[in-house]
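Structure file run_26.pdb with PDB, N, CA and C atoms:
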```
ATOM      1  N   MET S   1     111.912 121.870  97.710  1.00  0.00           N
ATOM      2  CA  MET S   1     111.422 121.290  96.484  1.00  0.00           C
ATOM      3  C   MET S   1     110.830 119.910  96.766  1.00  0.00           C
ATOM      4  N   ALA S   2     109.531 119.803  96.702  1.00  0.00           N
ATOM      5  CA  ALA S   2     108.851 118.566  97.063  1.00  0.00           C
ATOM      6  C   ALA S   2     109.162 117.432  96.109  1.00  0.00           C
ATOM      7  N   GLY S   3     109.440 117.716  94.824  1.00  0.00           N
ATOM      8  CA  GLY S   3     109.690 116.665  93.865  1.00  0.00           C
ATOM      9  C   GLY S   3     111.148 116.280  93.726  1.00  0.00           C
ATOM     10  N   ASP S   4     112.035 116.932  94.459  1.00  0.00           N
ATOM     11  CA  ASP S   4     113.470 116.676  94.370  1.00  0.00           C
ATOM     12  C   ASP S   4     113.804 115.335  95.017  1.00  0.00           C
ATOM     13  N   PRO S   5     114.446 114.404  94.278  1.00  0.00           N
ATOM     14  CA  PRO S   5     114.778 113.090  94.852  1.00  0.00           C
ATOM     15  C   PRO S   5     115.716 113.184  96.056  1.00  0.00           C
ATOM     16  N   THR S   6     116.588 114.185  96.062  1.00  0.00           N
ATOM     17  CA  THR S   6     117.503 114.346  97.186  1.00  0.00           C
ATOM     18  C   THR S   6     116.734 114.690  98.452  1.00  0.00           C
ATOM     19  N   CYS S   7     115.748 115.581  98.337  1.00  0.00           N
ATOM     20  CA  CYS S   7     114.921 115.943  99.494  1.00  0.00           C
ATOM     21  C   CYS S   7     114.096 114.748  99.960  1.00  0.00           C
ATOM     22  N   ALA S   8     113.590 113.975  99.009  1.00  0.00           N
ATOM     23  CA  ALA S   8     112.792 112.802  99.357  1.00  0.00           C
ATOM     24  C   ALA S   8     113.643 111.794 100.126  1.00  0.00           C
ATOM     25  N   ALA S   9     114.880 111.601  99.706  1.00  0.00           N
ATOM     26  CA  ALA S   9     115.776 110.670 100.398  1.00  0.00           C
ATOM     27  C   ALA S   9     116.101 111.178 101.803  1.00  0.00           C
ATOM     28  N   ALA S  10     116.326 112.491 101.934  1.00  0.00           N
ATOM     29  CA  ALA S  10     116.616 113.072 103.246  1.00  0.00           C
ATOM     30  C   ALA S  10     115.406 112.945 104.164  1.00  0.00           C
ATOM     31  N   ALA S  11     114.217 113.143 103.619  1.00  0.00           N
ATOM     32  CA  ALA S  11     112.990 113.028 104.407  1.00  0.00           C
ATOM     33  C   ALA S  11     112.797 111.591 104.884  1.00  0.00           C
ATOM     34  N   LYS S  12     113.046 110.620 104.006  1.00  0.00           N
ATOM     35  CA  LYS S  12     112.892 109.215 104.375  1.00  0.00           C
ATOM     36  C   LYS S  12     113.914 108.832 105.446  1.00  0.00           C
ATOM     37  N   THR S  13     115.132 109.289 105.296  1.00  0.00           N
ATOM     38  CA  THR S  13     116.170 108.997 106.289  1.00  0.00           C
ATOM     39  C   THR S  13     115.786 109.567 107.651  1.00  0.00           C
ATOM     40  N   ALA S  14     115.304 110.808 107.677  1.00  0.00           N
ATOM     41  CA  ALA S  14     114.888 111.434 108.938  1.00  0.00           C
ATOM     42  C   ALA S  14     113.727 110.671 109.560  1.00  0.00           C
ATOM     43  N   ALA S  15     112.762 110.260 108.734  1.00  0.00           N
ATOM     44  CA  ALA S  15     111.595 109.534 109.242  1.00  0.00           C
ATOM     45  C   ALA S  15     112.004 108.177 109.816  1.00  0.00           C
ATOM     46  N   CYS S  16     112.869 107.453 109.108  1.00  0.00           N
ATOM     47  CA  CYS S  16     113.304 106.136 109.574  1.00  0.00           C
ATOM     48  C   CYS S  16     114.071 106.250 110.885  1.00  0.00           C
ATOM     49  N   LYS S  17     115.003 107.178 110.968  1.00  0.00           N
ATOM     50  CA  LYS S  17     115.779 107.341 112.200  1.00  0.00           C
ATOM     51  C   LYS S  17     114.873 107.657 113.381  1.00  0.00           C
ATOM     52  N   THR S  18     113.899 108.525 113.166  1.00  0.00           N
ATOM     53  CA  THR S  18     112.988 108.914 114.241  1.00  0.00           C
ATOM     54  C   THR S  18     112.117 107.744 114.678  1.00  0.00           C
ATOM     55  N   ALA S  19     111.509 107.045 113.718  1.00  0.00           N
ATOM     56  CA  ALA S  19     110.621 105.925 114.053  1.00  0.00           C
ATOM     57  C   ALA S  19     111.395 104.801 114.735  1.00  0.00           C
ATOM     58  N   TRP S  20     112.574 104.482 114.222  1.00  0.00           N
ATOM     59  CA  TRP S  20     113.361 103.387 114.799  1.00  0.00           C
ATOM     60  C   TRP S  20     113.870 103.739 116.188  1.00  0.00           C
ATOM     61  N   ARG S  21     114.110 105.029 116.454  1.00  0.00           N
ATOM     62  CA  ARG S  21     114.559 105.443 117.790  1.00  0.00           C
ATOM     63  C   ARG S  21     113.393 105.368 118.784  1.00  0.00           C
ATOM     64  N   LYS S  22     112.203 105.794 118.357  1.00  0.00           N
ATOM     65  CA  LYS S  22     111.032 105.793 119.238  1.00  0.00           C
ATOM     66  C   LYS S  22     110.512 104.385 119.513  1.00  0.00           C
ATOM     67  N   VAL S  23     110.523 103.528 118.469  1.00  0.00           N
ATOM     68  CA  VAL S  23     109.989 102.167 118.592  1.00  0.00           C
ATOM     69  C   VAL S  23     111.040 101.194 118.051  1.00  0.00           C
ATOM     70  N   PRO S  24     111.925 100.699 118.905  1.00  0.00           N
ATOM     71  CA  PRO S  24     112.997  99.806 118.447  1.00  0.00           C
ATOM     72  C   PRO S  24     112.502  98.549 117.723  1.00  0.00           C
ATOM     73  N   ALA S  25     111.294  98.084 118.039  1.00  0.00           N
ATOM     74  CA  ALA S  25     110.751  96.890 117.374  1.00  0.00           C
ATOM     75  C   ALA S  25     110.521  97.129 115.879  1.00  0.00           C
ATOM     76  N   LEU S  26     110.430  98.388 115.463  1.00  0.00           N
ATOM     77  CA  LEU S  26     110.204  98.703 114.050  1.00  0.00           C
ATOM     78  C   LEU S  26     111.498  98.827 113.255  1.00  0.00           C
ATOM     79  N   ARG S  27     112.638  98.624 113.910  1.00  0.00           N
ATOM     80  CA  ARG S  27     113.926  98.758 113.225  1.00  0.00           C
ATOM     81  C   ARG S  27     113.981  97.836 112.006  1.00  0.00           C
ATOM     82  N   GLY S  28     114.332  98.402 110.882  1.00  0.00           N
ATOM     83  CA  GLY S  28     114.441  97.640 109.639  1.00  0.00           C
ATOM     84  C   GLY S  28     113.172  97.615 108.801  1.00  0.00           C
ATOM     85  N   VAL S  29     112.047  98.044 109.364  1.00  0.00           N
ATOM     86  CA  VAL S  29     110.788  98.069 108.612  1.00  0.00           C
ATOM     87  C   VAL S  29     110.826  99.245 107.633  1.00  0.00           C
ATOM     88  N   GLN S  30     110.529  98.987 106.371  1.00  0.00           N
ATOM     89  CA  GLN S  30     110.487 100.043 105.370  1.00  0.00           C
ATOM     90  C   GLN S  30     109.089 100.660 105.361  1.00  0.00           C
ATOM     91  N   PRO S  31     109.002 101.974 105.330  1.00  0.00           N
ATOM     92  CA  PRO S  31     107.702 102.643 105.445  1.00  0.00           C
ATOM     93  C   PRO S  31     106.955 102.739 104.119  1.00  0.00           C
ATOM     94  N   SER S  32     105.639 102.906 104.247  1.00  0.00           N
ATOM     95  CA  SER S  32     104.846 103.311 103.087  1.00  0.00           C
ATOM     96  C   SER S  32     104.778 104.837 103.149  1.00  0.00           C
ATOM     97  N   VAL S  33     104.663 105.469 101.985  1.00  0.00           N
ATOM     98  CA  VAL S  33     104.733 106.928 101.915  1.00  0.00           C
ATOM     99  C   VAL S  33     103.454 107.482 101.318  1.00  0.00           C
ATOM    100  N   ARG S  34     102.976 108.582 101.908  1.00  0.00           N
ATOM    101  CA  ARG S  34     101.806 109.288 101.409  1.00  0.00           C
ATOM    102  C   ARG S  34     102.169 110.764 101.386  1.00  0.00           C
ATOM    103  N   THR S  35     101.806 111.465 100.330  1.00  0.00           N
ATOM    104  CA  THR S  35     102.078 112.887 100.234  1.00  0.00           C
ATOM    105  C   THR S  35     100.807 113.661 100.541  1.00  0.00           C
ATOM    106  N   VAL S  36     100.924 114.621 101.475  1.00  0.00           N
ATOM    107  CA  VAL S  36      99.809 115.479 101.852  1.00  0.00           C
ATOM    108  C   VAL S  36     100.299 116.916 101.705  1.00  0.00           C
ATOM    109  N   GLY S  37      99.873 117.573 100.644  1.00  0.00           N
ATOM    110  CA  GLY S  37     100.376 118.926 100.364  1.00  0.00           C
ATOM    111  C   GLY S  37     101.853 118.846 100.038  1.00  0.00           C
ATOM    112  N   ASP S  38     102.665 119.628 100.733  1.00  0.00           N
ATOM    113  CA  ASP S  38     104.109 119.558 100.515  1.00  0.00           C
ATOM    114  C   ASP S  38     104.799 118.711 101.582  1.00  0.00           C
ATOM    115  N   GLN S  39     104.008 118.013 102.402  1.00  0.00           N
ATOM    116  CA  GLN S  39     104.555 117.157 103.449  1.00  0.00           C
ATOM    117  C   GLN S  39     104.438 115.698 103.045  1.00  0.00           C
ATOM    118  N   ARG S  40     105.290 114.875 103.635  1.00  0.00           N
ATOM    119  CA  ARG S  40     105.231 113.424 103.415  1.00  0.00           C
ATOM    120  C   ARG S  40     104.925 112.745 104.740  1.00  0.00           C
ATOM    121  N   VAL S  41     104.054 111.741 104.702  1.00  0.00           N
ATOM    122  CA  VAL S  41     103.707 110.971 105.891  1.00  0.00           C
ATOM    123  C   VAL S  41     104.214 109.547 105.677  1.00  0.00           C
ATOM    124  N   TYR S  42     105.131 109.133 106.533  1.00  0.00           N
ATOM    125  CA  TYR S  42     105.716 107.794 106.460  1.00  0.00           C
ATOM    126  C   TYR S  42     105.055 106.928 107.516  1.00  0.00           C
ATOM    127  N   SER S  43     104.508 105.774 107.107  1.00  0.00           N
ATOM    128  CA  SER S  43     103.809 104.871 108.025  1.00  0.00           C
ATOM    129  C   SER S  43     104.602 103.573 108.162  1.00  0.00           C
ATOM    130  N   PHE S  44     104.862 103.190 109.398  1.00  0.00           N
ATOM    131  CA  PHE S  44     105.587 101.968 109.722  1.00  0.00           C
ATOM    132  C   PHE S  44     104.633 101.053 110.481  1.00  0.00           C
ATOM    133  N   ARG S  45     104.588  99.757 110.133  1.00  0.00           N
ATOM    134  CA  ARG S  45     103.727  98.786 110.827  1.00  0.00           C
ATOM    135  C   ARG S  45     104.458  97.455 110.931  1.00  0.00           C
ATOM    136  N   LYS S  46     104.276  96.792 112.087  1.00  0.00           N
ATOM    137  CA  LYS S  46     104.868  95.474 112.279  1.00  0.00           C
ATOM    138  C   LYS S  46     104.088  94.726 113.340  1.00  0.00           C
ATOM    139  N   ALA S  47     103.798  93.451 113.083  1.00  0.00           N
ATOM    140  CA  ALA S  47     103.148  92.592 114.078  1.00  0.00           C
ATOM    141  C   ALA S  47     104.238  92.009 114.971  1.00  0.00           C
ATOM    142  N   VAL S  48     104.071  92.152 116.284  1.00  0.00           N
ATOM    143  CA  VAL S  48     105.061  91.697 117.256  1.00  0.00           C
ATOM    144  C   VAL S  48     104.396  90.729 118.219  1.00  0.00           C
ATOM    145  N   ARG S  49     105.024  89.566 118.451  1.00  0.00           N
ATOM    146  CA  ARG S  49     104.491  88.592 119.402  1.00  0.00           C
ATOM    147  C   ARG S  49     104.715  89.075 120.822  1.00  0.00           C
ATOM    148  N   VAL S  50     103.673  88.979 121.642  1.00  0.00           N
ATOM    149  CA  VAL S  50     103.758  89.392 123.036  1.00  0.00           C
ATOM    150  C   VAL S  50     104.468  88.310 123.853  1.00  0.00           C
ATOM    151  N   ALA S  51     104.135  87.041 123.586  1.00  0.00           N
ATOM    152  CA  ALA S  51     104.737  85.909 124.284  1.00  0.00           C
ATOM    153  C   ALA S  51     104.834  84.744 123.300  1.00  0.00           C
ATOM    154  N   PRO S  52     105.749  83.824 123.528  1.00  0.00           N
ATOM    155  CA  PRO S  52     105.848  82.665 122.630  1.00  0.00           C
ATOM    156  C   PRO S  52     104.522  81.903 122.569  1.00  0.00           C
ATOM    157  N   GLY S  53     104.022  81.718 121.372  1.00  0.00           N
ATOM    158  CA  GLY S  53     102.761  81.028 121.182  1.00  0.00           C
ATOM    159  C   GLY S  53     101.546  81.869 121.503  1.00  0.00           C
ATOM    160  N   GLY S  54     101.738  83.076 121.928  1.00  0.00           N
ATOM    161  CA  GLY S  54     100.639  83.950 122.311  1.00  0.00           C
ATOM    162  C   GLY S  54     100.211  84.860 121.181  1.00  0.00           C
ATOM    163  N   PRO S  55      99.330  85.789 121.496  1.00  0.00           N
ATOM    164  CA  PRO S  55      98.834  86.702 120.470  1.00  0.00           C
ATOM    165  C   PRO S  55      99.905  87.721 120.065  1.00  0.00           C
ATOM    166  N   SER S  56      99.695  88.339 118.921  1.00  0.00           N
ATOM    167  CA  SER S  56     100.613  89.386 118.490  1.00  0.00           C
ATOM    168  C   SER S  56      99.867  90.718 118.459  1.00  0.00           C
ATOM    169  N   ILE S  57     100.616  91.789 118.636  1.00  0.00           N
ATOM    170  CA  ILE S  57     100.048  93.124 118.537  1.00  0.00           C
ATOM    171  C   ILE S  57     100.713  93.816 117.354  1.00  0.00           C
ATOM    172  N   THR S  58     100.038  94.785 116.794  1.00  0.00           N
ATOM    173  CA  THR S  58     100.607  95.546 115.697  1.00  0.00           C
ATOM    174  C   THR S  58     101.133  96.854 116.257  1.00  0.00           C
ATOM    175  N   GLN S  59     102.437  97.050 116.143  1.00  0.00           N
ATOM    176  CA  GLN S  59     103.033  98.313 116.547  1.00  0.00           C
ATOM    177  C   GLN S  59     103.139  99.175 115.308  1.00  0.00           C
ATOM    178  N   SER S  60     102.841 100.461 115.466  1.00  0.00           N
ATOM    179  CA  SER S  60     102.871 101.349 114.314  1.00  0.00           C
ATOM    180  C   SER S  60     103.421 102.708 114.700  1.00  0.00           C
ATOM    181  N   ALA S  61     103.906 103.397 113.692  1.00  0.00           N
ATOM    182  CA  ALA S  61     104.377 104.766 113.872  1.00  0.00           C
ATOM    183  C   ALA S  61     104.117 105.517 112.580  1.00  0.00           C
ATOM    184  N   LYS S  62     103.691 106.771 112.720  1.00  0.00           N
ATOM    185  CA  LYS S  62     103.526 107.661 111.576  1.00  0.00           C
ATOM    186  C   LYS S  62     104.407 108.864 111.815  1.00  0.00           C
ATOM    187  N   VAL S  63     105.218 109.193 110.832  1.00  0.00           N
ATOM    188  CA  VAL S  63     106.132 110.324 110.949  1.00  0.00           C
ATOM    189  C   VAL S  63     105.823 111.295 109.816  1.00  0.00           C
ATOM    190  N   THR S  64     105.497 112.535 110.161  1.00  0.00           N
ATOM    191  CA  THR S  64     105.230 113.579 109.180  1.00  0.00           C
ATOM    192  C   THR S  64     106.500 114.409 109.018  1.00  0.00           C
ATOM    193  N   VAL S  65     106.933 114.552 107.752  1.00  0.00           N
ATOM    194  CA  VAL S  65     108.182 115.249 107.446  1.00  0.00           C
ATOM    195  C   VAL S  65     107.887 116.381 106.473  1.00  0.00           C
ATOM    196  N   SER S  66     108.494 117.545 106.719  1.00  0.00           N
ATOM    197  CA  SER S  66     108.300 118.702 105.836  1.00  0.00           C
ATOM    198  C   SER S  66     109.055 118.499 104.528  1.00  0.00           C
ATOM    199  N   ALA S  67     108.813 119.389 103.577  1.00  0.00           N
ATOM    200  CA  ALA S  67     109.496 119.328 102.284  1.00  0.00           C
ATOM    201  C   ALA S  67     111.000 119.518 102.443  1.00  0.00           C
ATOM    202  N   GLU S  68     111.422 120.201 103.515  1.00  0.00           N
ATOM    203  CA  GLU S  68     112.845 120.434 103.766  1.00  0.00           C
ATOM    204  C   GLU S  68     113.522 119.260 104.465  1.00  0.00           C
ATOM    205  N   GLY S  69     112.742 118.259 104.898  1.00  0.00           N
ATOM    206  CA  GLY S  69     113.311 117.093 105.567  1.00  0.00           C
ATOM    207  C   GLY S  69     113.281 117.159 107.082  1.00  0.00           C
ATOM    208  N   ARG S  70     112.548 118.125 107.653  1.00  0.00           N
ATOM    209  CA  ARG S  70     112.419 118.237 109.112  1.00  0.00           C
ATOM    210  C   ARG S  70     111.236 117.409 109.596  1.00  0.00           C
ATOM    211  N   VAL S  71     111.419 116.696 110.699  1.00  0.00           N
ATOM    212  CA  VAL S  71     110.336 115.919 111.296  1.00  0.00           C
ATOM    213  C   VAL S  71     109.409 116.887 112.024  1.00  0.00           C
ATOM    214  N   LEU S  72     108.116 116.873 111.631  1.00  0.00           N
ATOM    215  CA  LEU S  72     107.134 117.776 112.221  1.00  0.00           C
ATOM    216  C   LEU S  72     106.309 117.104 113.307  1.00  0.00           C
ATOM    217  N   LYS S  73     105.998 115.813 113.122  1.00  0.00           N
ATOM    218  CA  LYS S  73     105.075 115.143 114.032  1.00  0.00           C
ATOM    219  C   LYS S  73     105.355 113.650 114.032  1.00  0.00           C
ATOM    220  N   VAL S  74     105.239 113.038 115.204  1.00  0.00           N
ATOM    221  CA  VAL S  74     105.415 111.596 115.344  1.00  0.00           C
ATOM    222  C   VAL S  74     104.239 111.044 116.144  1.00  0.00           C
ATOM    223  N   VAL S  75     103.585 110.018 115.619  1.00  0.00           N
ATOM    224  CA  VAL S  75     102.481 109.367 116.320  1.00  0.00           C
ATOM    225  C   VAL S  75     102.823 107.878 116.423  1.00  0.00           C
ATOM    226  N   VAL S  76     102.811 107.360 117.652  1.00  0.00           N
ATOM    227  CA  VAL S  76     103.154 105.951 117.899  1.00  0.00           C
ATOM    228  C   VAL S  76     101.948 105.274 118.514  1.00  0.00           C
ATOM    229  N   GLY S  77     101.673 104.055 118.063  1.00  0.00           N
ATOM    230  CA  GLY S  77     100.548 103.303 118.610  1.00  0.00           C
ATOM    231  C   GLY S  77     100.841 101.827 118.620  1.00  0.00           C
ATOM    232  N   ARG S  78      99.997 101.080 119.359  1.00  0.00           N
ATOM    233  CA  ARG S  78     100.087  99.630 119.351  1.00  0.00           C
ATOM    234  C   ARG S  78      98.745  99.033 119.587  1.00  0.00           C
TER
END
```

Would you mind giving the structure from this file in structure tokens?
Amino acid sequence: MAGDPTCAAAAKTAACKTAWRKVPALRGVQPSVRTVGDQRVYSFRKAVRVAPGGPSITQSAKVTVSAEGRVLKVVVGR
């Protein structure tokens, strides 16, 4: 059930655990959510300093989760 709040919470929990495990620098970042069909795409972004006083890079992760709460795809970039 795509509109069920319980499923949405389970999907978000699965997405957060996966993204935070793959990219530890994103730990604690709350995702933005986009619905594509019956799937949800959670996007995580954070600017991280490479060196003190130096430039920062943006680390990102996108996690696609099914309506049942299973992680289907993970894309990580920087």

- Would you translate the PyMOL selection byres (((chain S and resi 38 and name CA) around 12) and name CA) into the concrete set of residues it matches in this file, as a list in words?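 That selection, the PyMOL selection byres (((chain S and resi 38 and name CA) around 12) and name CA), comes back as Met1, Ala2, Gly3, Asp4, Cys7, Ala8, Ala11, Arg34, Thr35, Val36, Gly37, Gln39, Arg40, Val41, Thr64, Val65, Ser66, Ala67, Glu68 and Gly69 of chain S.
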
Report task. Evaluate the PyMOL selection byres (((chain S and resi 25 and name CA) around 12) and name CA) on the structure here and hand back the selected residues as an NGL selection string. Result -> :S and (19-24 or 26-29 or 44-50 or 57-61 or 76 or 78)

Please report the interatomic distance between CA of Pro31 in chain S and CA of Arg70 in chain S in Å with one decimal.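 Separating CA of Pro31 in chain S from CA of Arg70 in chain S is a distance of 16.7 Å.
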
CA of Val63 in chain S to CA of Val75 in chain S measures 6.6 Å

**Message:** Just to confirm, what's the straight-line distance from atom N of Ser32 in chain S to atom C of Gly54 in chain S in Å (one decimal)?
**Reply:**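 So the answer is 25.3 Å.
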
query: Where in chain S does DSSP assign strand (DSSP E), given as a count of residues only?
result: 33

| query | Hey, what does DSSP flag as alpha helix (DSSP H) within chain S? Can you give it to me as a ChimeraX atom specification? | reply | /S:5-22
